[in-house]
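S.K.: The structure file structure.cif (mmCIF, C-alpha atoms) is provided below.
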data_query
loop_
_atom_site.label_atom_id
_atom_site.label_comp_id
_atom_site.auth_asym_id
_atom_site.auth_seq_id
_atom_site.Cartn_x
_atom_site.Cartn_y
_atom_site.Cartn_z
CA MET A 1 -35.06 -43.64 -71.64
CA ASP A 2 -36.20 -40.82 -73.90
CA PRO A 3 -34.83 -41.49 -77.46
CA LYS A 4 -33.18 -38.08 -77.68
CA ARG A 5 -31.47 -38.53 -74.33
CA ALA A 6 -30.38 -42.05 -75.28
CA HIS A 7 -28.85 -40.73 -78.51
CA HIS A 8 -27.14 -37.87 -76.68
CA TYR A 9 -25.79 -40.33 -74.08
CA GLU A 10 -24.39 -42.71 -76.70
CA VAL A 11 -22.74 -39.93 -78.72
CA GLU A 12 -21.22 -38.20 -75.69
CA ILE A 13 -19.91 -41.41 -74.11
CA GLU A 14 -18.15 -42.36 -77.35
CA LEU A 15 -16.60 -38.91 -77.75
CA ALA A 16 -15.65 -38.73 -74.07
CA ASP A 17 -13.87 -42.08 -74.29
CA ARG A 18 -11.96 -40.71 -77.27
CA LEU A 19 -10.80 -37.82 -75.10
CA ARG A 20 -10.00 -40.00 -72.09
CA ASN A 21 -7.85 -42.33 -74.16
CA SER A 22 -6.01 -39.61 -76.09
CA SER A 23 -2.46 -38.41 -75.62
CA ARG A 24 -1.57 -34.94 -74.40
CA ALA A 25 -0.43 -33.98 -77.91
CA GLU A 26 -3.65 -35.24 -79.50
CA ARG A 27 -5.79 -33.21 -77.10
CA LYS A 28 -4.40 -29.91 -78.41
CA GLN A 29 -6.78 -30.36 -81.36
CA LEU A 30 -9.20 -32.88 -79.88
CA TYR A 31 -11.07 -30.66 -77.41
CA SER A 32 -12.32 -28.47 -80.25
CA SER A 33 -13.09 -31.30 -82.66
CA VAL A 34 -15.08 -33.48 -80.24
CA TYR A 35 -17.26 -30.58 -79.14
CA GLU A 36 -17.92 -29.56 -82.73
CA GLU A 37 -18.81 -33.19 -83.52
CA LEU A 38 -21.12 -33.34 -80.49
CA PHE A 39 -23.01 -30.23 -81.61
CA ARG A 40 -23.36 -31.63 -85.15
CA LYS A 41 -24.67 -35.00 -83.96
CA VAL A 42 -26.81 -33.65 -81.09
CA PRO A 43 -28.42 -30.44 -82.46
CA TYR A 44 -30.79 -30.39 -79.47
CA HIS A 45 -27.88 -30.26 -77.00
CA PRO A 46 -28.76 -28.04 -73.97
CA LEU A 47 -25.99 -25.56 -74.82
CA LEU A 48 -27.62 -24.96 -78.20
CA VAL A 49 -31.25 -25.21 -77.08
CA LEU A 50 -30.80 -22.70 -74.24
CA LYS A 51 -30.15 -20.00 -76.82
CA SER A 52 -33.85 -20.21 -77.72
CA GLN A 53 -35.12 -20.47 -74.12
CA LYS A 54 -34.61 -16.80 -73.39
CA ALA A 55 -36.62 -16.54 -70.17
CA VAL A 56 -34.79 -19.47 -68.54
CA LYS A 57 -31.44 -18.26 -69.81
CA ARG A 58 -32.06 -14.68 -68.66
CA ALA A 59 -32.79 -15.75 -65.08
CA GLU A 60 -29.67 -17.93 -64.89
CA LEU A 61 -27.52 -15.20 -66.41
CA GLN A 62 -28.84 -12.57 -64.05
CA GLU A 63 -28.01 -14.69 -61.01
CA LEU A 64 -24.47 -15.29 -62.28
CA PHE A 65 -24.04 -11.60 -63.06
CA GLU A 66 -25.22 -10.61 -59.57
CA THR A 67 -22.76 -13.14 -58.15
CA LEU A 68 -19.92 -11.55 -60.11
CA ARG A 69 -20.94 -7.92 -59.60
CA PRO A 70 -18.87 -7.36 -56.39
CA PHE A 71 -15.76 -8.50 -58.28
CA LEU A 72 -16.28 -6.06 -61.18
CA ASN A 73 -15.28 -2.42 -61.63
CA PRO A 74 -14.46 -0.17 -64.61
CA ASP A 75 -10.76 -1.14 -64.43
CA THR A 76 -11.39 -4.90 -64.41
CA VAL A 77 -10.00 -6.97 -67.25
CA TYR A 78 -12.35 -9.95 -67.23
CA ALA A 79 -11.84 -13.33 -68.90
CA GLU A 80 -14.36 -16.16 -68.92
CA VAL A 81 -12.88 -19.56 -69.69
CA GLY A 82 -15.38 -21.95 -71.27
CA ALA A 83 -17.62 -19.03 -72.20
CA GLY A 84 -19.97 -21.12 -74.34
CA ASP A 85 -22.42 -18.84 -76.14
CA CYS A 86 -20.71 -15.85 -74.46
CA ALA A 87 -24.02 -14.59 -73.05
CA LEU A 88 -22.55 -13.93 -69.60
CA THR A 89 -19.41 -12.30 -70.98
CA MET A 90 -21.59 -10.04 -73.12
CA LEU A 91 -23.53 -9.05 -70.00
CA VAL A 92 -20.32 -8.30 -68.09
CA ALA A 93 -18.51 -6.48 -70.92
CA PRO A 94 -20.13 -3.01 -70.55
CA HIS A 95 -19.14 -2.91 -66.87
CA VAL A 96 -15.41 -3.58 -67.30
CA ARG A 97 -12.44 -2.23 -69.23
CA LYS A 98 -12.07 -5.38 -71.34
CA ALA A 99 -13.85 -8.74 -71.52
CA TYR A 100 -12.47 -11.90 -73.11
CA ALA A 101 -14.69 -14.89 -73.93
CA ILE A 102 -12.47 -17.99 -74.23
CA ASP A 103 -13.80 -21.26 -75.62
CA VAL A 104 -12.82 -24.24 -77.78
CA SER A 105 -15.88 -24.11 -80.05
CA GLU A 106 -16.40 -21.69 -82.91
CA THR A 107 -19.95 -23.01 -83.33
CA VAL A 108 -21.20 -22.17 -79.86
CA THR A 109 -19.46 -18.74 -79.71
CA ARG A 110 -20.65 -17.65 -83.16
CA GLY A 111 -22.46 -14.33 -83.20
CA ALA A 112 -21.17 -13.03 -79.86
CA SER A 113 -20.74 -9.27 -79.91
CA ALA A 114 -20.62 -6.49 -77.29
CA PRO A 115 -18.58 -3.38 -76.45
CA ASN A 116 -15.18 -4.29 -75.00
CA LEU A 117 -15.71 -7.97 -75.91
CA GLU A 118 -13.17 -10.17 -77.67
CA VAL A 119 -13.82 -13.85 -78.46
CA VAL A 120 -10.71 -16.01 -78.15
CA LEU A 121 -10.60 -19.60 -79.42
CA SER A 122 -8.38 -21.83 -77.32
CA ASP A 123 -7.04 -25.39 -77.41
CA GLY A 124 -8.74 -25.97 -74.05
CA ILE A 125 -5.59 -25.57 -71.97
CA SER A 126 -3.98 -22.27 -72.93
CA ILE A 127 -5.18 -18.91 -71.56
CA PRO A 128 -3.76 -16.47 -74.16
CA VAL A 129 -4.74 -13.24 -72.38
CA LYS A 130 -3.84 -11.19 -69.30
CA ALA A 131 -6.64 -10.42 -66.84
CA THR A 132 -7.42 -9.20 -63.33
CA LEU A 133 -10.44 -11.51 -62.95
CA ILE A 134 -10.84 -14.93 -64.54
CA PHE A 135 -14.13 -16.80 -64.19
CA SER A 136 -15.17 -20.31 -65.16
CA ASN A 137 -18.51 -22.00 -64.65
CA GLN A 138 -18.85 -25.72 -65.33
CA LEU A 139 -15.43 -25.98 -66.95
CA MET A 140 -12.94 -27.86 -64.75
CA GLU A 141 -14.92 -31.09 -64.95
CA HIS A 142 -14.59 -31.07 -68.75
CA LEU A 143 -10.78 -31.14 -68.69
CA HIS A 144 -8.81 -34.36 -68.98
CA PRO A 145 -7.35 -35.03 -65.48
CA GLU A 146 -3.85 -34.90 -66.96
CA ASP A 147 -4.54 -31.39 -68.29
CA ALA A 148 -6.21 -29.87 -65.23
CA ARG A 149 -3.03 -28.75 -63.47
CA ASP A 150 -1.54 -27.34 -66.70
CA GLN A 151 -4.70 -25.34 -67.36
CA LEU A 152 -4.72 -24.00 -63.80
CA ALA A 153 -1.05 -23.04 -64.13
CA ASN A 154 -1.99 -21.11 -67.27
CA VAL A 155 -4.84 -19.40 -65.38
CA PHE A 156 -2.36 -18.41 -62.65
CA ALA A 157 0.10 -17.07 -65.23
CA ALA A 158 -2.66 -15.10 -67.02
CA LEU A 159 -3.65 -13.24 -63.83
CA GLU A 160 -2.11 -9.93 -62.91
CA PRO A 161 -0.68 -9.73 -59.35
CA GLY A 162 -3.64 -9.45 -56.97
CA GLY A 163 -5.95 -10.94 -59.60
CA LYS A 164 -8.59 -13.51 -58.75
CA TYR A 165 -9.82 -16.76 -60.27
CA PHE A 166 -13.45 -17.58 -59.48
CA CYS A 167 -14.20 -21.21 -60.33
CA ILE A 168 -17.58 -22.96 -60.17
CA THR A 169 -17.75 -26.69 -60.81
CA PRO A 170 -20.02 -29.49 -59.55
CA ASN A 171 -19.06 -31.61 -56.56
CA ARG A 172 -18.54 -35.31 -57.28
CA MET A 173 -20.23 -36.22 -54.00
CA ASN A 174 -23.71 -35.37 -55.32
CA GLY A 175 -23.13 -36.38 -58.94
CA PRO A 176 -22.66 -37.46 -61.57
CA HIS A 177 -23.70 -34.17 -63.14
CA ASP A 178 -23.24 -34.86 -66.84
CA VAL A 179 -25.29 -36.86 -69.35
CA SER A 180 -24.68 -40.02 -67.28
CA GLY A 181 -26.62 -38.65 -64.28
CA GLY A 182 -29.28 -41.16 -63.21
CA ILE A 183 -27.69 -43.84 -65.39
CA ASP A 184 -24.16 -44.37 -64.06
CA GLU A 185 -22.68 -43.98 -60.58
CA VAL A 186 -19.76 -41.91 -61.89
CA ALA A 187 -19.51 -39.40 -64.72
CA ARG A 188 -18.83 -41.10 -68.06
CA GLY A 189 -19.67 -38.28 -70.46
CA PHE A 190 -17.85 -35.02 -71.04
CA HIS A 191 -17.34 -34.56 -67.31
CA LEU A 192 -13.97 -36.26 -67.55
CA ARG A 193 -13.44 -35.78 -63.83
CA GLU A 194 -15.66 -34.31 -61.14
CA TYR A 195 -13.85 -33.05 -58.04
CA THR A 196 -14.36 -32.39 -54.34
CA ASN A 197 -13.51 -29.05 -52.73
CA ARG A 198 -10.48 -30.61 -51.06
CA GLU A 199 -9.09 -32.04 -54.31
CA LEU A 200 -9.54 -28.90 -56.36
CA ALA A 201 -8.20 -26.58 -53.67
CA GLY A 202 -5.11 -28.78 -53.54
CA LEU A 203 -4.62 -28.33 -57.28
CA PHE A 204 -5.01 -24.57 -56.94
CA ARG A 205 -2.31 -24.43 -54.29
CA SER A 206 0.00 -26.67 -56.32
CA VAL A 207 0.20 -24.07 -59.13
CA GLY A 208 0.92 -21.14 -56.80
CA PHE A 209 -2.37 -19.83 -55.42
CA ALA A 210 -1.58 -19.08 -51.78
CA ARG A 211 -5.08 -17.95 -50.81
CA VAL A 212 -8.11 -20.07 -51.68
CA GLN A 213 -11.55 -19.38 -50.19
CA GLY A 214 -14.91 -21.05 -50.44
CA PHE A 215 -17.92 -19.10 -51.68
CA VAL A 216 -21.65 -19.55 -51.30
CA ARG A 217 -24.72 -17.79 -52.69
CA ILE A 218 -28.17 -18.54 -51.25
CA ARG A 219 -30.94 -16.47 -52.80
CA LYS A 220 -29.51 -12.92 -52.78
CA PHE A 221 -27.08 -13.51 -49.92
CA GLN A 222 -23.50 -14.38 -50.83
CA THR A 223 -20.23 -14.51 -48.96
CA THR A 224 -16.81 -16.09 -48.94
CA LEU A 225 -16.28 -18.92 -46.46
CA PRO A 226 -13.14 -20.29 -44.79
CA LEU A 227 -12.24 -23.24 -46.96
CA GLY A 228 -11.58 -25.36 -43.88
CA VAL A 229 -15.25 -25.13 -42.90
CA VAL A 230 -16.41 -26.31 -46.32
CA ILE A 231 -13.89 -29.16 -46.40
CA ALA A 232 -14.79 -30.26 -42.86
CA LEU A 233 -18.47 -30.47 -43.86
CA GLU A 234 -17.54 -32.28 -47.04
CA THR A 235 -15.42 -34.75 -45.07
CA ALA A 236 -18.24 -35.44 -42.60
CA VAL A 237 -20.68 -36.19 -45.42
CA GLY A 238 -18.03 -38.37 -47.06
CA TRP A 239 -17.94 -40.64 -44.01
CA LEU A 240 -21.54 -41.65 -44.63
CA PRO A 241 -22.40 -44.73 -46.74
CA ARG A 242 -22.36 -43.70 -50.40
CA SER A 243 -26.11 -43.75 -51.05
CA LEU A 244 -26.86 -41.85 -47.83
CA GLY A 245 -24.05 -39.39 -48.47
CA TRP A 246 -25.41 -38.74 -51.96
CA ARG A 247 -28.88 -37.99 -50.58
CA VAL A 248 -27.56 -35.77 -47.78
CA SER A 249 -25.26 -33.82 -50.10
CA ASN A 250 -28.22 -33.19 -52.41
CA LEU A 251 -30.26 -31.50 -49.68
CA PRO A 252 -30.81 -27.93 -51.00
CA ILE A 253 -28.74 -26.09 -48.39
CA LEU A 254 -25.85 -28.60 -48.48
CA ARG A 255 -25.92 -28.71 -52.27
CA ARG A 256 -25.36 -24.94 -52.22
CA ILE A 257 -22.55 -25.05 -49.65
CA LEU A 258 -20.77 -28.12 -51.03
CA GLY A 259 -21.14 -27.14 -54.68
CA ILE A 260 -17.59 -26.13 -55.56
CA GLN A 261 -17.23 -22.36 -55.75
CA LEU A 262 -13.64 -21.35 -55.10
CA VAL A 263 -12.10 -17.89 -55.17
CA ALA A 264 -8.29 -18.00 -55.51
CA THR A 265 -6.08 -14.92 -55.35
CA ARG A 266 -2.70 -14.46 -56.98
CA ARG A 267 -0.41 -12.50 -54.69
#
When written as structure tokens, how does the structure in this file appear?
M.R.:
Amino acid sequence: MDPKRAHHYEVEIELADRLRNSSRAERKQLYSSVYEELFRKVPYHPLLVLKSQKAVKRAELQELFETLRPFLNPDTVYAEVGAGDCALTMLVAPHVRKAYAIDVSETVTRGASAPNLEVVLSDGISIPVKATLIFSNQLMEHLHPEDARDQLANVFAALEPGGKYFCITPNRMNGPHDVSGGIDEVARGFHLREYTNRELAGLFRSVGFARVQGFVRIRKFQTTLPLGVVIALETAVGWLPRSLGWRVSNLPILRRILGIQLVATRR
């Protein structure tokens, strides 16, 4: 294994175990502290390195922005949970009435600035804003399983009536997707739990979201999908032996469809 990756793996596994074994009260401060410690000990972490890889970052950001564009208008109050370096929120901010970038790390959000933008530091669970559209990308898997429902309840409470939560997170079936990918069979790093569409949709409904849809983007085509179709496909792949199911779920088209992208509406 590459020495840098080995070091990153060792640091992240130790910090992730600290999170997994912590109490609910401890985690109110722990989310921020472990991420700050990770960035100190792993200065070449992808979240930090991507800031200097502008061409790669620009292409990824543009695709995410185009994905979000149909959900945005001048009256939108947008909040991104787990905003990281806030690059996407800064791109969205000029197109909406207000944009909040919510994250646990002061280090990774430092320097973010744009019209209508406000950076909000959080304990990882609270959503201390009101919004009409909340977005998260690669966030749910970083929450302790005991905190996931509480965080979703806070997302629900932060949405205005008719507001939407658009959540993107990797599917466990074709993972693990964190630093343990290719090393372990399940996520052991900061992906404290990776979900399936069925599991996460169930959590959404448990906090009050009555309408949950799937979503897919392939090249420039994107659409919502009946969640039942996505779950049926996911179930069929899940019947396969694990190694075969992993390979099938990583086929490009299935990876796109099964990758968890849920749009939940508060009525």
S.K.: Excluding stretch 249-261 of chain A and residues on its chain fewer than 5 positions from it, collect all residues at most 7 Å away from it, counting only C-alpha atoms, and give them as JSON, numbers by chain.
M.R.: {"A": [167, 168, 169, 170, 171, 173, 174, 197, 214, 215, 216, 230, 234, 237]}
S.K.: Name the residues in contact with A:Val119 at a cut-off of 9 Å, using all atoms listed in the file, excluding same-chain residues fewer than 5 positions from it; report them as a ChimeraX atom specification.
M.R.: /A:83,86,99-103,109,112-113
S.K.: Can you write just those residues out, C-alpha atoms, as a compact mmCIF listing (two decimals), keeping the file's coordinate frame?
M.R.:
# COMPACT_ATOMS: atom_id res chain seq x y z
CA ALA A 83 -17.62 -19.03 -72.20
CA CYS A 86 -20.71 -15.85 -74.46
CA ALA A 99 -13.85 -8.74 -71.52
CA TYR A 100 -12.47 -11.90 -73.11
CA ALA A 101 -14.69 -14.89 -73.93
CA ILE A 102 -12.47 -17.99 -74.23
CA ASP A 103 -13.80 -21.26 -75.62
CA THR A 109 -19.46 -18.74 -79.71
CA ALA A 112 -21.17 -13.03 -79.86
CA SER A 113 -20.74 -9.27 -79.91
S.K.: Any chance you could resolve the PyMOL selection byres ((chain A and resi 24-41) around 6) against this file and give the residues as JSON, numbers by chain?
M.R.: {"A": [23, 42, 43, 104, 105, 123]}
S.K.: Go through the shown structure with the PyMOL selection byres ((chain A and resi 9-19) around 7) and write out the matching residues as a CSV table (one decimal) with C-alpha atoms, in the frame of the given file.
M.R.:
chain,number,residue,atom,x,y,z
A,5,ARG,CA,-31.5,-38.5,-74.3
A,6,ALA,CA,-30.4,-42.0,-75.3
A,7,HIS,CA,-28.8,-40.7,-78.5
A,8,HIS,CA,-27.1,-37.9,-76.7
A,20,ARG,CA,-10.0,-40.0,-72.1
A,21,ASN,CA,-7.8,-42.3,-74.2
A,22,SER,CA,-6.0,-39.6,-76.1
A,34,VAL,CA,-15.1,-33.5,-80.2
A,38,LEU,CA,-21.1,-33.3,-80.5
A,179,VAL,CA,-25.3,-36.9,-69.4
A,180,SER,CA,-24.7,-40.0,-67.3
A,188,ARG,CA,-18.8,-41.1,-68.1
A,189,GLY,CA,-19.7,-38.3,-70.5
A,190,PHE,CA,-17.8,-35.0,-71.0
S.K.: Closest to A:Leu203 among A:Ile231, A:Leu244, A:Ala153, A:Ala87, using all atoms listed in the file?
M.R.: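 Among the listed residues, the smallest separation from A:Leu203 belongs to A:Ala153.
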S.K.: Tell me which residues the PyMOL selection byres ((chain A and resi 94) around 10) grabs here, as a list in words.
M.R.: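 Residues picked by the PyMOL selection byres ((chain A and resi 94) around 10): Pro74, Thr89, Met90, Leu91, Val92, Ala93, His95, Val96, Arg97, Lys98, Ala99, Ala114, Pro115, Asn116 and Leu117 of chain A.
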